[in-house]
Amino acid sequence: MADELPLAGQPSAVTPQLLKLDGYRITAETQVPQEEFLMRMYGKPCLPRRDLTAVTGVEKCGKTFFISMLMACCAKRQVLELERISELPLKVMWYDTEQSRQSTKGIYVDRIGRMAQSEAGDEVGVDEGNFLIYNVRACTCKERMDYLLTGIETYHPDLVIIDNVSDLLPSVNDADESQRVIAQLMELATLGNCNIVVVIHLNRTGDKRNLRGWLGTVVLQKAFEVFSCEQVPGSELYSVGQLLTRKYRIADKLYYRINDDGLPEESDKPTMLLSKGDGSQVRRKSNAYITSKQVGSFNQEYIIRNDSNAEKPYDWDMKKLFADAMGGCSCISPDMLREKVMKLSHIQMVHYYDKVFGDAEAQGVVTTTLDRAGRVVVISTPT
């Protein structure tokens, strides 16, 4: 050690390892491909090439319907509020690990194919040369990963959808395997110049940020964006909203219903029936879960009254409420923020807090992101 000290600060020998390291260095002159997105949702870019996108939700909440829309949009320029950016159709690979072969074919032919039809009603909605549909439910985890690698390297799809990513490893709670699988998918997305959509369930708590197992934690850390699918309680409506993103925030939720033909139809924000004191009911937009009479139970310090407006008799002072809850912190965990906001505002129901938080995000007061350690946090949005 004493012999090495006089050499401190002198240039190190150029080793093969150092040369490899310098190959990954980024400088102001480094030539990198321009960021390219495959889709827009409400006009905002999403699904970037060379990256991962996650789609999550509880069971039977519309995840497969949403990815069906994505696939149909690869052939048809626009499906509801989803729009393909490229004028040319995209090649898509659907890697179904969960359903029966009959279900996979049925969704492909009767749903995706029909959604992809032009307004003229073409009999064939998709060019099968651009649709690579695989059902690998009968395969082992290793076979699924090996075949996936072969398919991407051979066919060069623009969009790859893995439904469900949990089936690429024996246990979603295996930390090492979870890291390995997601790292391999990121490498595949980069080398294949494609976007890989990974579908993953939520844990049964239903918390939108609680993706299943250790695998879900890694997905949250590594994905460019996360979309959350839900069925609106007490209705036949489904919704898709962007939960997290590293760049373009999509504030609007997509609401849709499934028509008699089994196809999605866009819907307005749902309404709810609220009970009045006389036993009758009044229909309100979903941004008003409570009656004006119940507003009195909240902390009035954070309420802005609009008594002259029967449709919207009050508003929350979002900036003040969330600023007080964060207490000057640059970021805070979603659970801690929920606890503080509910305590300050006197909100009693968690589902109503979720609605208030969603409104605060839509107004640009707060946003959800990842910190340097890959943990989900909420930050104040600069005004």
# chains A, B, ... in the order shown; residues from 1 in each chain; ligands from 1

$ closest_atom_pairs --of "region 166-268 of chain A" --to "region 372-376 of chain A" --cutoff "12 Å" --atoms "only C-alpha atoms" --output "JSON lines"
{"residue": "A:Lys208", "atom": "CA", "partner": "A:Val376", "partner_atom": "CA", "distance": 11.2}
{"residue": "A:Arg209", "atom": "CA", "partner": "A:Val376", "partner_atom": "CA", "distance": 7.7}
{"residue": "A:Asn210", "atom": "CA", "partner": "A:Val376", "partner_atom": "CA", "distance": 9.8}
{"residue": "A:Leu211", "atom": "CA", "partner": "A:Val376", "partner_atom": "CA", "distance": 11.4}
{"residue": "A:Gly216", "atom": "CA", "partner": "A:Arg375", "partner_atom": "CA", "distance": 11.7}
{"residue": "A:Thr217", "atom": "CA", "partner": "A:Arg375", "partner_atom": "CA", "distance": 8.3}
{"residue": "A:Val218", "atom": "CA", "partner": "A:Gly374", "partner_atom": "CA", "distance": 8.3}
{"residue": "A:Val219", "atom": "CA", "partner": "A:Gly374", "partner_atom": "CA", "distance": 9.7}
{"residue": "A:Leu220", "atom": "CA", "partner": "A:Gly374", "partner_atom": "CA", "distance": 7.4}
{"residue": "A:Gln221", "atom": "CA", "partner": "A:Gly374", "partner_atom": "CA", "distance": 4.6}
{"residue": "A:Lys222", "atom": "CA", "partner": "A:Gly374", "partner_atom": "CA", "distance": 7.7}
{"residue": "A:Ala223", "atom": "CA", "partner": "A:Gly374", "partner_atom": "CA", "distance": 10.2}
{"residue": "A:Phe224", "atom": "CA", "partner": "A:Gly374", "partner_atom": "CA", "distance": 11.8}
{"residue": "A:Val226", "atom": "CA", "partner": "A:Val376", "partner_atom": "CA", "distance": 11.6}
{"residue": "A:Leu243", "atom": "CA", "partner": "A:Val376", "partner_atom": "CA", "distance": 10.5}
{"residue": "A:Leu244", "atom": "CA", "partner": "A:Val376", "partner_atom": "CA", "distance": 8.8}
{"residue": "A:Thr245", "atom": "CA", "partner": "A:Val376", "partner_atom": "CA", "distance": 11.0}
{"residue": "A:Arg246", "atom": "CA", "partner": "A:Gly374", "partner_atom": "CA", "distance": 11.7}

$ select_by_dssp --residues "region 152-374 of chain A" --states "alpha helix (DSSP H)" --output "PyMOL selection string"
chain A and resi 152-155+175-192+213-222+318-326+334-345+350-362

$ atom_distance --atom1 "CA of Glu266 (chain A)" --atom2 "CA of Val350 (chain A)"
27.4 Å

$ residues_around --residues "Asn193 (chain A)" --least-positions-apart "5" --cutoff "12 Å" --atoms "only C-alpha atoms" --output "ChimeraX atom specification"
/A:33-38,47-52,91,152-153,155-160,185-188

$ write_last_selection --atoms "C-alpha atoms" --output "JSON list (two decimals), in the first residue's frame"
[["chain", "number", "residue", "atom", "x", "y", "z"],
["A", 33, "PRO", "CA", -30.66, 8.15, -31.63],
["A", 34, "GLN", "CA", -33.43, 10.71, -31.37],
["A", 35, "GLU", "CA", -36.14, 9.69, -28.92],
["A", 36, "GLU", "CA", -39.00, 8.13, -30.87],
["A", 37, "PHE", "CA", -42.49, 7.33, -29.64],
["A", 38, "LEU", "CA", -44.95, 4.90, -31.22],
["A", 47, "LEU", "CA", -44.71, 4.01, -25.79],
["A", 48, "PRO", "CA", -41.10, 5.00, -26.59],
["A", 49, "ARG", "CA", -38.80, 2.76, -28.59],
["A", 50, "ARG", "CA", -35.91, 1.14, -26.70],
["A", 51, "ASP", "CA", -37.84, 1.23, -23.42],
["A", 52, "LEU", "CA", -40.43, -0.54, -21.26],
["A", 91, "LYS", "CA", -45.41, -4.55, -36.62],
["A", 152, "ILE", "CA", -37.72, -10.27, -31.40],
["A", 153, "GLU", "CA", -34.31, -10.93, -32.97],
["A", 155, "TYR", "CA", -38.99, -10.54, -36.80],
["A", 156, "HIS", "CA", -37.98, -7.09, -35.47],
["A", 157, "PRO", "CA", -41.39, -5.95, -34.19],
["A", 158, "ASP", "CA", -41.98, -2.29, -33.34],
["A", 159, "LEU", "CA", -44.22, -3.13, -30.38],
["A", 160, "VAL", "CA", -44.01, -6.21, -28.15],
["A", 185, "LEU", "CA", -36.23, -7.16, -21.42],
["A", 186, "MET", "CA", -34.61, -3.71, -21.28],
["A", 187, "GLU", "CA", -31.70, -5.05, -23.32],
["A", 188, "LEU", "CA", -34.11, -6.60, -25.83]]

$ select_by_dssp --residues "region 14-161 of chain A" --states "strand (DSSP E or B)" --output "ChimeraX atom specification"
/A:37-41,44-48,51-57,78-79,82-84,92-96,131-135,159-161

$ residues_around --residues "Asp317 (chain A)" --least-positions-apart "6" --cutoff "8 Å" --atoms "only C-alpha atoms" --output "short mmCIF file (atom, residue, chain, number, x, y, z; two decimals) with C-alpha atoms, in the first residue's frame"
data_model
loop_
_atom_site.label_atom_id
_atom_site.label_comp_id
_atom_site.auth_asym_id
_atom_site.auth_seq_id
_atom_site.Cartn_x
_atom_site.Cartn_y
_atom_site.Cartn_z
CA TYR A 302 -59.22 24.04 2.53
CA ILE A 303 -62.70 24.50 1.04
CA ILE A 304 -63.63 27.19 -1.50
#
